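*Asks:* File name work.pdb; file contents PDB, C-alpha atoms, pLDDT in the B column; full text below.
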ATOM      1  CA  MET L  17     -12.717  35.704  -5.495  1.00 45.00           C
ATOM      2  CA  HIS L  18      -9.396  33.913  -5.757  1.00 50.00           C
ATOM      3  CA  MET L  19      -9.074  30.646  -3.887  1.00 51.00           C
ATOM      4  CA  ASN L  20      -5.834  28.728  -3.792  1.00 53.00           C
ATOM      5  CA  CYS L  21      -7.061  25.130  -3.937  1.00 51.00           C
ATOM      6  CA  MET L  22      -3.614  23.541  -3.997  1.00 55.00           C
ATOM      7  CA  ASN L  23      -2.938  21.618  -0.775  1.00 63.00           C
ATOM      8  CA  THR L  24      -6.308  22.704   0.583  1.00 81.00           C
ATOM      9  CA  GLU L  25      -7.945  20.409   3.071  1.00 86.00           C
ATOM     10  CA  ILE L  26     -11.269  18.967   1.995  1.00 89.00           C
ATOM     11  CA  HIS L  27     -13.780  18.358   4.765  1.00 92.00           C
ATOM     12  CA  ASN L  28     -16.529  15.804   4.396  1.00 93.00           C
ATOM     13  CA  ARG L  29     -19.649  14.532   6.121  1.00 93.00           C
ATOM     14  CA  ILE L  30     -19.499  10.954   4.844  1.00 95.00           C
ATOM     15  CA  ALA L  31     -19.488   9.453   8.353  1.00 93.00           C
ATOM     16  CA  LEU L  32     -22.502  11.533   9.378  1.00 92.00           C
ATOM     17  CA  PHE L  33     -24.572  10.539   6.347  1.00 94.00           C
ATOM     18  CA  ARG L  34     -23.472   6.915   6.611  1.00 94.00           C
ATOM     19  CA  ALA L  35     -24.547   6.781  10.262  1.00 92.00           C
ATOM     20  CA  GLU L  36     -27.808   8.531   9.453  1.00 92.00           C
ATOM     21  CA  ARG L  37     -28.585   5.955   6.749  1.00 93.00           C
ATOM     22  CA  GLY L  38     -27.476   3.084   9.009  1.00 93.00           C
ATOM     23  CA  MET L  39     -24.865   1.878   6.534  1.00 93.00           C
ATOM     24  CA  THR L  40     -21.647   0.110   7.442  1.00 91.00           C
ATOM     25  CA  ARG L  41     -18.359   1.055   5.793  1.00 90.00           C
ATOM     26  CA  LYS L  42     -18.472  -2.230   3.948  1.00 89.00           C
ATOM     27  CA  GLU L  43     -21.920  -1.522   2.490  1.00 92.00           C
ATOM     28  CA  LEU L  44     -20.917   1.948   1.334  1.00 94.00           C
ATOM     29  CA  ALA L  45     -17.668   0.558  -0.067  1.00 92.00           C
ATOM     30  CA  GLU L  46     -19.565  -2.055  -2.086  1.00 91.00           C
ATOM     31  CA  ALA L  47     -21.951   0.616  -3.370  1.00 94.00           C
ATOM     32  CA  VAL L  48     -19.105   2.744  -4.750  1.00 94.00           C
ATOM     33  CA  ALA L  49     -16.752  -0.172  -5.617  1.00 90.00           C
ATOM     34  CA  VAL L  50     -13.830   0.573  -3.294  1.00 90.00           C
ATOM     35  CA  ASN L  51     -12.109  -1.290  -0.467  1.00 84.00           C
ATOM     36  CA  PRO L  52     -13.939  -0.817   2.900  1.00 85.00           C
ATOM     37  CA  GLN L  53     -10.739   0.564   4.433  1.00 84.00           C
ATOM     38  CA  THR L  54     -10.724   3.317   1.788  1.00 88.00           C
ATOM     39  CA  ILE L  55     -14.018   4.618   3.215  1.00 92.00           C
ATOM     40  CA  GLY L  56     -12.318   4.876   6.625  1.00 90.00           C
ATOM     41  CA  TYR L  57      -9.424   6.880   5.151  1.00 89.00           C
ATOM     42  CA  LEU L  58     -11.919   9.174   3.383  1.00 92.00           C
ATOM     43  CA  GLU L  59     -13.981   9.746   6.533  1.00 92.00           C
ATOM     44  CA  ARG L  60     -10.907  10.653   8.580  1.00 89.00           C
ATOM     45  CA  GLY L  61      -9.733  13.054   5.859  1.00 87.00           C
ATOM     46  CA  ASP L  62      -6.543  11.062   5.180  1.00 86.00           C
ATOM     47  CA  TYR L  63      -7.379  10.942   1.477  1.00 89.00           C
ATOM     48  CA  LYS L  64      -9.080  13.353  -0.923  1.00 91.00           C
ATOM     49  CA  PRO L  65     -11.360  11.442  -3.297  1.00 93.00           C
ATOM     50  CA  SER L  66     -11.487  11.987  -7.044  1.00 94.00           C
ATOM     51  CA  LEU L  67     -14.457  13.869  -8.453  1.00 94.00           C
ATOM     52  CA  GLU L  68     -15.825  10.547  -9.746  1.00 95.00           C
ATOM     53  CA  LEU L  69     -15.685   8.863  -6.322  1.00 95.00           C
ATOM     54  CA  GLY L  70     -17.082  11.974  -4.610  1.00 95.00           C
ATOM     55  CA  MET L  71     -20.027  12.011  -7.027  1.00 95.00           C
ATOM     56  CA  LYS L  72     -20.613   8.280  -6.568  1.00 96.00           C
ATOM     57  CA  ILE L  73     -20.783   8.699  -2.769  1.00 96.00           C
ATOM     58  CA  ALA L  74     -23.101  11.697  -3.126  1.00 95.00           C
ATOM     59  CA  ALA L  75     -25.326   9.617  -5.441  1.00 96.00           C
ATOM     60  CA  VAL L  76     -25.538   6.817  -2.857  1.00 96.00           C
ATOM     61  CA  PHE L  77     -26.818   9.309  -0.267  1.00 95.00           C
ATOM     62  CA  ASP L  78     -28.914  11.087  -2.908  1.00 94.00           C
ATOM     63  CA  VAL L  79     -27.552  14.538  -2.037  1.00 94.00           C
ATOM     64  CA  PRO L  80     -25.634  17.190  -4.036  1.00 94.00           C
ATOM     65  CA  ILE L  81     -21.863  16.781  -3.813  1.00 93.00           C
ATOM     66  CA  ALA L  82     -21.509  20.162  -2.047  1.00 92.00           C
ATOM     67  CA  VAL L  83     -23.557  18.802   0.854  1.00 91.00           C
ATOM     68  CA  LEU L  84     -20.918  16.115   1.435  1.00 92.00           C
ATOM     69  CA  PHE L  85     -17.647  17.936   0.673  1.00 93.00           C
ATOM     70  CA  SER L  86     -16.409  21.420   1.506  1.00 92.00           C
ATOM     71  CA  PHE L  87     -13.189  23.434   1.671  1.00 91.00           C
ATOM     72  CA  THR L  88     -14.361  24.865   5.004  1.00 88.00           C
ATOM     73  CA  PRO L  89     -15.164  22.804   8.104  1.00 88.00           C
ATOM     74  CA  PHE L  90     -18.805  21.811   8.482  1.00 84.00           C
ATOM     75  CA  GLU L  91     -20.822  23.026  11.407  1.00 81.00           C
ATOM     76  CA  SER L  92     -21.272  20.257  13.975  1.00 81.00           C
ATOM     77  CA  VAL L  93     -24.754  18.778  14.421  1.00 78.00           C
ATOM     78  CA  ALA L  94     -24.855  20.088  18.012  1.00 81.00           C
ATOM     79  CA  ASP L  95     -23.986  23.633  16.853  1.00 82.00           C
ATOM     80  CA  ALA L  96     -26.611  23.453  14.099  1.00 79.00           C
ATOM     81  CA  LEU L  97     -29.281  22.393  16.613  1.00 81.00           C
ATOM     82  CA  ARG L  98     -28.242  25.172  19.002  1.00 85.00           C
ATOM     83  CA  ARG L  99     -28.397  27.714  16.184  1.00 82.00           C
ATOM     84  CA  THR L 100     -31.893  26.624  15.214  1.00 80.00           C
ATOM     85  CA  GLY L 101     -32.971  26.690  18.852  1.00 77.00           C
ATOM     86  CA  GLU L 102     -33.789  22.997  19.037  1.00 73.00           C
ATOM     87  CA  ILE L 103     -31.531  22.478  22.060  1.00 70.00           C
TER      88      ILE L 103
ATOM     89  CA  MET H  22     -22.455 -25.977  -7.495  1.00 52.00           C
ATOM     90  CA  SER H  23     -18.922 -27.107  -6.683  1.00 58.00           C
ATOM     91  CA  TYR H  24     -16.410 -25.462  -4.389  1.00 58.00           C
ATOM     92  CA  ASP H  25     -14.012 -23.267  -6.336  1.00 58.00           C
ATOM     93  CA  PRO H  26     -10.829 -22.612  -4.301  1.00 55.00           C
ATOM     94  CA  ASN H  27      -9.468 -20.210  -6.916  1.00 54.00           C
ATOM     95  CA  LYS H  28     -12.605 -18.051  -6.747  1.00 56.00           C
ATOM     96  CA  TRP H  29     -12.369 -17.993  -2.945  1.00 53.00           C
ATOM     97  CA  HIS H  30      -8.680 -17.054  -3.137  1.00 54.00           C
ATOM     98  CA  GLN H  31      -9.322 -14.189  -5.595  1.00 54.00           C
ATOM     99  CA  GLU H  32     -12.178 -12.863  -3.429  1.00 57.00           C
ATOM    100  CA  GLN H  33      -9.949 -13.045  -0.360  1.00 56.00           C
ATOM    101  CA  LEU H  34      -7.196 -11.134  -2.192  1.00 56.00           C
ATOM    102  CA  ARG H  35      -9.553  -8.256  -2.991  1.00 58.00           C
ATOM    103  CA  ASN H  36     -10.814  -7.854   0.573  1.00 61.00           C
ATOM    104  CA  ARG H  37      -7.559  -8.611   2.362  1.00 63.00           C
ATOM    105  CA  PRO H  38      -7.070  -6.395   5.428  1.00 66.00           C
ATOM    106  CA  ARG H  39      -3.736  -4.872   6.328  1.00 73.00           C
ATOM    107  CA  ASN H  40      -1.693  -6.319   9.179  1.00 75.00           C
ATOM    108  CA  LEU H  41       1.477  -5.495  11.045  1.00 83.00           C
ATOM    109  CA  SER H  42       3.129  -8.919  10.681  1.00 86.00           C
ATOM    110  CA  SER H  43       3.339  -8.736   6.876  1.00 87.00           C
ATOM    111  CA  LYS H  44       4.921  -5.274   7.163  1.00 88.00           C
ATOM    112  CA  LEU H  45       7.541  -6.547   9.625  1.00 91.00           C
ATOM    113  CA  LEU H  46       8.222  -9.664   7.554  1.00 91.00           C
ATOM    114  CA  MET H  47       8.773  -7.592   4.405  1.00 92.00           C
ATOM    115  CA  GLY H  48      11.079  -5.169   6.227  1.00 93.00           C
ATOM    116  CA  PHE H  49      13.248  -7.848   7.798  1.00 93.00           C
ATOM    117  CA  GLY H  50      13.167  -9.879   4.587  1.00 92.00           C
ATOM    118  CA  LEU H  51      14.438  -6.975   2.488  1.00 93.00           C
ATOM    119  CA  VAL H  52      17.238  -6.196   4.945  1.00 93.00           C
ATOM    120  CA  PHE H  53      18.156  -9.888   5.036  1.00 90.00           C
ATOM    121  CA  VAL H  54      18.301 -10.346   1.267  1.00 89.00           C
ATOM    122  CA  LEU H  55      20.304  -7.130   0.857  1.00 89.00           C
ATOM    123  CA  GLY H  56      22.670  -8.195   3.653  1.00 88.00           C
ATOM    124  CA  CYS H  57      23.243 -11.539   1.919  1.00 83.00           C
ATOM    125  CA  ALA H  58      23.920  -9.826  -1.425  1.00 83.00           C
ATOM    126  CA  ILE H  59      26.585  -7.675   0.270  1.00 84.00           C
ATOM    127  CA  ALA H  60      28.042 -10.490   2.387  1.00 81.00           C
ATOM    128  CA  PHE H  61      28.413 -13.074  -0.389  1.00 76.00           C
ATOM    129  CA  PRO H  62      31.134 -11.287  -2.392  1.00 73.00           C
ATOM    130  CA  ILE H  63      32.971 -10.479   0.863  1.00 75.00           C
ATOM    131  CA  LEU H  64      32.850 -14.128   1.936  1.00 71.00           C
ATOM    132  CA  GLY H  65      33.197 -15.208  -1.691  1.00 63.00           C
ATOM    133  CA  PRO H  66      36.979 -15.840  -1.803  1.00 57.00           C
ATOM    134  CA  ALA H  67      36.565 -18.385   0.991  1.00 55.00           C
ATOM    135  CA  TYR H  68      33.646 -20.109  -0.724  1.00 56.00           C
ATOM    136  CA  PRO H  69      34.117 -19.481  -4.476  1.00 54.00           C
ATOM    137  CA  HIS H  70      31.975 -22.380  -5.668  1.00 54.00           C
ATOM    138  CA  THR H  71      29.229 -22.287  -3.076  1.00 54.00           C
ATOM    139  CA  SER H  72      25.906 -23.020  -4.675  1.00 53.00           C
ATOM    140  CA  PHE H  73      23.538 -21.344  -2.260  1.00 60.00           C
ATOM    141  CA  PRO H  74      19.802 -21.455  -2.944  1.00 64.00           C
ATOM    142  CA  VAL H  75      19.411 -17.728  -3.541  1.00 66.00           C
ATOM    143  CA  PHE H  76      15.676 -18.108  -4.107  1.00 71.00           C
ATOM    144  CA  GLY H  77      15.262 -19.262  -0.500  1.00 79.00           C
ATOM    145  CA  LEU H  78      16.861 -16.081   0.850  1.00 81.00           C
ATOM    146  CA  ALA H  79      14.068 -13.962  -0.574  1.00 84.00           C
ATOM    147  CA  MET H  80      11.303 -16.126   0.864  1.00 88.00           C
ATOM    148  CA  PRO H  81      10.722 -14.039   4.047  1.00 89.00           C
ATOM    149  CA  ALA H  82      10.236 -10.845   2.009  1.00 90.00           C
ATOM    150  CA  LEU H  83       8.090 -12.577  -0.615  1.00 89.00           C
ATOM    151  CA  THR H  84       5.996 -14.288   2.066  1.00 88.00           C
ATOM    152  CA  GLY H  85       5.388 -10.930   3.761  1.00 88.00           C
ATOM    153  CA  ALA H  86       4.406  -9.428   0.398  1.00 87.00           C
ATOM    154  CA  ALA H  87       1.969 -12.291  -0.190  1.00 84.00           C
ATOM    155  CA  PHE H  88      -0.092 -11.143   2.803  1.00 84.00           C
ATOM    156  CA  THR H  89      -0.366  -7.423   2.109  1.00 84.00           C
ATOM    157  CA  PRO H  90      -3.215  -6.020   0.009  1.00 80.00           C
ATOM    158  CA  PHE H  91      -0.763  -3.712  -1.775  1.00 81.00           C
ATOM    159  CA  SER H  92       0.927  -6.568  -3.650  1.00 76.00           C
ATOM    160  CA  ARG H  93      -2.128  -8.361  -4.939  1.00 71.00           C
ATOM    161  CA  GLY H  94      -1.235  -7.127  -8.438  1.00 68.00           C
ATOM    162  CA  ILE H  95       1.504  -9.766  -8.415  1.00 63.00           C
ATOM    163  CA  TRP H  96      -0.621 -12.694  -7.306  1.00 60.00           C
ATOM    164  CA  GLY H  97      -4.200 -12.368  -8.482  1.00 59.00           C
ATOM    165  CA  ASN H  98      -6.189 -12.274 -11.685  1.00 59.00           C
ATOM    166  CA  SER H  99      -7.290  -9.020 -13.275  1.00 60.00           C
ATOM    167  CA  LYS H 100     -10.625  -8.791 -11.418  1.00 63.00           C
ATOM    168  CA  SER H 101      -9.208  -9.343  -7.948  1.00 60.00           C
ATOM    169  CA  THR H 102      -6.115  -7.226  -8.548  1.00 66.00           C
ATOM    170  CA  LYS H 103      -8.097  -4.136  -9.488  1.00 77.00           C
ATOM    171  CA  PHE H 104      -6.996  -1.499  -6.996  1.00 82.00           C
ATOM    172  CA  ASP H 105      -9.380   1.239  -5.967  1.00 85.00           C
ATOM    173  CA  GLU H 106      -8.264   4.836  -6.460  1.00 90.00           C
ATOM    174  CA  PHE H 107      -6.895   5.249  -2.931  1.00 89.00           C
ATOM    175  CA  GLU H 108      -4.794   2.081  -3.209  1.00 85.00           C
ATOM    176  CA  GLN H 109      -3.615   3.024  -6.722  1.00 87.00           C
ATOM    177  CA  HIS H 110      -2.674   6.516  -5.555  1.00 89.00           C
ATOM    178  CA  SER H 111      -0.748   5.062  -2.584  1.00 87.00           C
ATOM    179  CA  LEU H 112       1.028   2.509  -4.767  1.00 87.00           C
ATOM    180  CA  ASN H 113       2.060   5.167  -7.295  1.00 90.00           C
ATOM    181  CA  ARG H 114       3.603   7.226  -4.500  1.00 92.00           C
ATOM    182  CA  ALA H 115       5.269   4.128  -3.051  1.00 91.00           C
ATOM    183  CA  ALA H 116       6.645   3.023  -6.436  1.00 91.00           C
ATOM    184  CA  MET H 117       8.145   6.480  -6.963  1.00 94.00           C
ATOM    185  CA  ILE H 118       9.917   6.272  -3.582  1.00 95.00           C
ATOM    186  CA  ALA H 119      11.019   2.675  -4.315  1.00 94.00           C
ATOM    187  CA  TYR H 120      12.647   3.822  -7.584  1.00 95.00           C
ATOM    188  CA  ARG H 121      14.522   6.479  -5.623  1.00 95.00           C
ATOM    189  CA  ILE H 122      15.974   3.696  -3.459  1.00 95.00           C
ATOM    190  CA  ILE H 123      16.620   1.023  -6.115  1.00 95.00           C
ATOM    191  CA  ILE H 124      18.334   3.289  -8.675  1.00 95.00           C
ATOM    192  CA  PRO H 125      20.968   4.628  -6.204  1.00 95.00           C
ATOM    193  CA  LEU H 126      21.560   1.033  -5.041  1.00 93.00           C
ATOM    194  CA  ALA H 127      22.257  -0.038  -8.646  1.00 94.00           C
ATOM    195  CA  ALA H 128      24.471   3.019  -9.157  1.00 95.00           C
ATOM    196  CA  LEU H 129      26.337   2.244  -5.940  1.00 93.00           C
ATOM    197  CA  LEU H 130      26.946  -1.339  -7.116  1.00 92.00           C
ATOM    198  CA  CYS H 131      28.374  -0.099 -10.441  1.00 92.00           C
ATOM    199  CA  PHE H 132      30.529   2.455  -8.633  1.00 93.00           C
ATOM    200  CA  TRP H 133      31.753  -0.177  -6.152  1.00 91.00           C
ATOM    201  CA  CYS H 134      32.694  -2.585  -8.966  1.00 90.00           C
ATOM    202  CA  ALA H 135      34.439   0.174 -10.915  1.00 90.00           C
ATOM    203  CA  ILE H 136      36.686   1.349  -8.106  1.00 92.00           C
ATOM    204  CA  GLY H 137      36.841  -1.976  -6.246  1.00 88.00           C
ATOM    205  CA  LEU H 138      38.686  -3.689  -9.079  1.00 85.00           C
ATOM    206  CA  SER H 139      41.611  -1.283  -8.952  1.00 87.00           C
ATOM    207  CA  ASN H 140      41.663  -1.160  -5.132  1.00 89.00           C
ATOM    208  CA  ASN H 141      41.445  -4.905  -4.634  1.00 85.00           C
ATOM    209  CA  TRP H 142      38.132  -4.653  -2.762  1.00 85.00           C
ATOM    210  CA  PRO H 143      35.787  -7.647  -2.651  1.00 84.00           C
ATOM    211  CA  ILE H 144      33.563  -7.462  -5.727  1.00 85.00           C
ATOM    212  CA  PRO H 145      31.046  -9.915  -7.192  1.00 84.00           C
ATOM    213  CA  SER H 146      33.056 -12.372  -9.236  1.00 81.00           C
ATOM    214  CA  THR H 147      31.132 -15.622  -9.644  1.00 80.00           C
ATOM    215  CA  SER H 148      27.809 -16.399 -11.262  1.00 79.00           C
ATOM    216  CA  ASN H 149      26.521 -17.199  -7.772  1.00 78.00           C
ATOM    217  CA  HIS H 150      27.353 -13.662  -6.581  1.00 81.00           C
ATOM    218  CA  TRP H 151      25.679 -12.098  -9.610  1.00 84.00           C
ATOM    219  CA  GLY H 152      22.728 -14.440  -9.210  1.00 82.00           C
ATOM    220  CA  GLN H 153      22.302 -13.271  -5.631  1.00 82.00           C
ATOM    221  CA  ILE H 154      22.569  -9.619  -6.668  1.00 87.00           C
ATOM    222  CA  GLY H 155      20.098 -10.109  -9.517  1.00 89.00           C
ATOM    223  CA  TRP H 156      17.678 -11.890  -7.201  1.00 87.00           C
ATOM    224  CA  THR H 157      18.064  -9.087  -4.647  1.00 90.00           C
ATOM    225  CA  PHE H 158      17.070  -6.461  -7.214  1.00 92.00           C
ATOM    226  CA  LEU H 159      14.166  -8.634  -8.375  1.00 91.00           C
ATOM    227  CA  THR H 160      12.981  -9.017  -4.777  1.00 91.00           C
ATOM    228  CA  PHE H 161      13.324  -5.281  -4.163  1.00 93.00           C
ATOM    229  CA  GLY H 162      11.384  -4.520  -7.357  1.00 91.00           C
ATOM    230  CA  LEU H 163       8.572  -6.870  -6.309  1.00 90.00           C
ATOM    231  CA  VAL H 164       8.392  -6.154  -2.578  1.00 92.00           C
ATOM    232  CA  LEU H 165       9.695  -2.625  -1.943  1.00 93.00           C
ATOM    233  CA  PRO H 166       6.710  -0.688  -3.439  1.00 91.00           C
ATOM    234  CA  ALA H 167       4.261  -2.728  -1.319  1.00 90.00           C
ATOM    235  CA  PHE H 168       6.468  -2.325   1.764  1.00 92.00           C
ATOM    236  CA  ILE H 169       6.706   1.452   1.308  1.00 93.00           C
ATOM    237  CA  ALA H 170       2.947   1.653   0.734  1.00 90.00           C
ATOM    238  CA  GLU H 171       2.518  -0.140   4.071  1.00 89.00           C
ATOM    239  CA  LEU H 172       4.852   2.382   5.711  1.00 89.00           C
ATOM    240  CA  ILE H 173       3.393   5.592   4.288  1.00 87.00           C
ATOM    241  CA  ILE H 174      -0.283   4.694   4.740  1.00 82.00           C
ATOM    242  CA  PRO H 175      -1.335   4.707   8.406  1.00 77.00           C
ATOM    243  CA  MET H 176      -2.879   1.478   9.675  1.00 75.00           C
ATOM    244  CA  PRO H 177      -6.679   1.754   9.969  1.00 73.00           C
ATOM    245  CA  PRO H 178      -7.966   2.056  13.549  1.00 74.00           C
ATOM    246  CA  LYS H 179      -9.257  -1.098  15.209  1.00 71.00           C
ATOM    247  CA  ALA H 180     -12.809   0.252  15.042  1.00 69.00           C
ATOM    248  CA  ASP H 181     -12.609   0.310  11.227  1.00 70.00           C
ATOM    249  CA  LEU H 182     -11.508  -3.308  11.088  1.00 63.00           C
ATOM    250  CA  GLU H 183     -14.296  -4.378  13.464  1.00 67.00           C
ATOM    251  CA  ASP H 184     -16.862  -2.483  11.388  1.00 64.00           C
ATOM    252  CA  ASP H 185     -15.542  -4.086   8.185  1.00 58.00           C
ATOM    253  CA  ALA H 186     -15.675  -7.607   9.625  1.00 58.00           C
TER     254      ALA H 186
END
For this file, produce the structure as structure tokens.
*Replies:*
Amino acid sequence: MHMNCMNTEIHNRIALFRAERGMTRKELAEAVAVNPQTIGYLERGDYKPSLELGMKIAAVFDVPIAVLFSFTPFESVADALRRTGEI
Amino acid sequence: MSYDPNKWHQEQLRNRPRNLSSKLLMGFGLVFVLGCAIAFPILGPAYPHTSFPVFGLAMPALTGAAFTPFSRGIWGNSKSTKFDEFEQHSLNRAAMIAYRIIIPLAALLCFWCAIGLSNNWPIPSTSNHWGQIGWTFLTFGLVLPAFIAELIIPMPPKADLEDDA
């Protein structure tokens, strides 16, 4: 399968995991050694992180990097709950 | 343990938030210093020996640059000036755009001097004029990359700033 990755949008679930862990942007920023405002730019998709930063964030949440970042949009939590029949 | 103002200053540099006033101050300051560099040779024949404090003209732009996180490489020590990858990426883009502005300005100055001499146009002629022009380029080199970084990177939403506080 050929995938043109140039200029491809990268979707992420940093905000979701951060909220789930009860972390502030500042705490996550300190954990991965970046400016707190950089976390905001990452969460809004204004900036694509390097592989190193992506792996550091995944390590903080203790999940594989593919759980946090994707070329395709993530399913919303509400849709996932509907699909599993929980709501 | 004693109070260390330098340590506080370096810490403050690293976590400095962005603000609109520093962006405006840099923008107006750059226009002002460039306007003065252009106006001095034009007014020069009337005031050939004016000793104007050229350093003072750049103060608005330099003051604005002192309050933006994108220029902390100029002011801080190596620990506090370490940019994260997003800031470094933004500054690299901004520096590239700044070069594209500064180089044509320098070329335009050379071109103006070359043809101005034969056409009797006002050209820089005294050390004061050249001092002003040199100071203008120095100010542009110091401030323009940070100013462009402020322009090309959207300001964080208020919610971000409240969360960071």
*Asks:* What does the structure give for the distance between CA of Lys44 in chain H and CA of Glu171 in chain H, in Å to one decimal?
*Replies:*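 Rounded to one decimal, the two atoms are 6.5 Å apart.
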*Asks:* Would you mind reading off the distance between CA of Pro62 in chain H and CA of Gly48 in chain H, one decimal, in Å?
*Replies:*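 CA of Pro62 in chain H sits 22.7 Å away from CA of Gly48 in chain H.
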*Asks:* With only C-alpha atoms as the atoms that count, which of L:Glu91, L:Asp78, L:Glu43, L:Glu102 lies nearest to chain H?
*Replies:*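 Once distances to chain H are computed over only C-alpha atoms, the minimum belongs to L:Glu43.
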*Asks:* Residues near Leu45 in chain H, anyone? I mean within 10 Å using all atoms listed in the file, not counting same-chain ones fewer than 5 positions away, as a list in words.
*Replies:* Asn40, Gly50, Leu51, Pro81, Ala82, Gly85, Phe168 and Glu171 of chain H
*Asks:* Go through chain L and flag each residue having an atom no more than 7 Å from chain H; for those, report the closest pair of atoms plus their distance in Å to one decimal, using only C-alpha atoms, ordered by chain and rising number, as a Markdown table.
*Replies:*
| residue | atom | partner | partner_atom | distance |
| --- | --- | --- | --- | --- |
| L:Thr40 | CA | H:Asp184 | CA | 6.7 |
| L:Arg41 | CA | H:Asp185 | CA | 6.3 |
| L:Lys42 | CA | H:Asp185 | CA | 5.5 |
| L:Val50 | CA | H:Asp105 | CA | 5.2 |
| L:Asn51 | CA | H:Asp105 | CA | 6.6 |
| L:Pro52 | CA | H:Asp185 | CA | 6.4 |
| L:Gln53 | CA | H:Pro177 | CA | 7.0 |
| L:Thr54 | CA | H:Phe107 | CA | 6.4 |
| L:Gly56 | CA | H:Asp181 | CA | 6.5 |
*Asks:* Dig up all the protein and nucleic acid residues within 10 Å of (-13.5, 9.9, -4.8) in the file frame, using all atoms listed in the file, and format them as a list in words.
*Replies:*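 Residues satisfying the cut-off, written out: Val48, Val50, Thr54, Ile55, Leu58, Tyr63, Lys64, Pro65, Ser66, Leu67, Glu68, Leu69, Gly70, Met71, Lys72, Ile73 and Ala74 of chain L; Asp105, Glu106 and Phe107 of chain H.
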*Asks:* Do you know which residues lie at most 9 Å from (6.9, -2.6, 0.5), with coordinates as in the file and all atoms listed in the file counted, and could you write them as a list in words?
*Replies:*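 The residues near that point, listed by chain and number, are Lys44, Met47, Gly48, Leu51, Ala86, Thr89, Phe91, Ser92, Ala115, Ala116, Ala119, Phe161, Leu163, Val164, Leu165, Pro166, Ala167, Phe168, Ile169, Ala170, Glu171 and Leu172 of chain H.
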*Asks:* How many Å separate CA of Ile124 in chain H from CA of Phe158 in chain H?
*Replies:*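 Separating CA of Ile124 in chain H from CA of Phe158 in chain H is a distance of 9.9 Å.
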*Asks:* Give as a list in words the residues that the PyMOL selection byres ((chain L and resi 27) around 10) matches when applied to the coordinates above.
*Replies:*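 On this input, the PyMOL selection byres ((chain L and resi 27) around 10) captures Thr24, Glu25, Ile26, Asn28, Arg29, Ile30, Leu58, Glu59, Arg60, Gly61, Lys64, Leu84, Phe85, Ser86, Phe87, Thr88, Pro89 and Phe90 of chain L.
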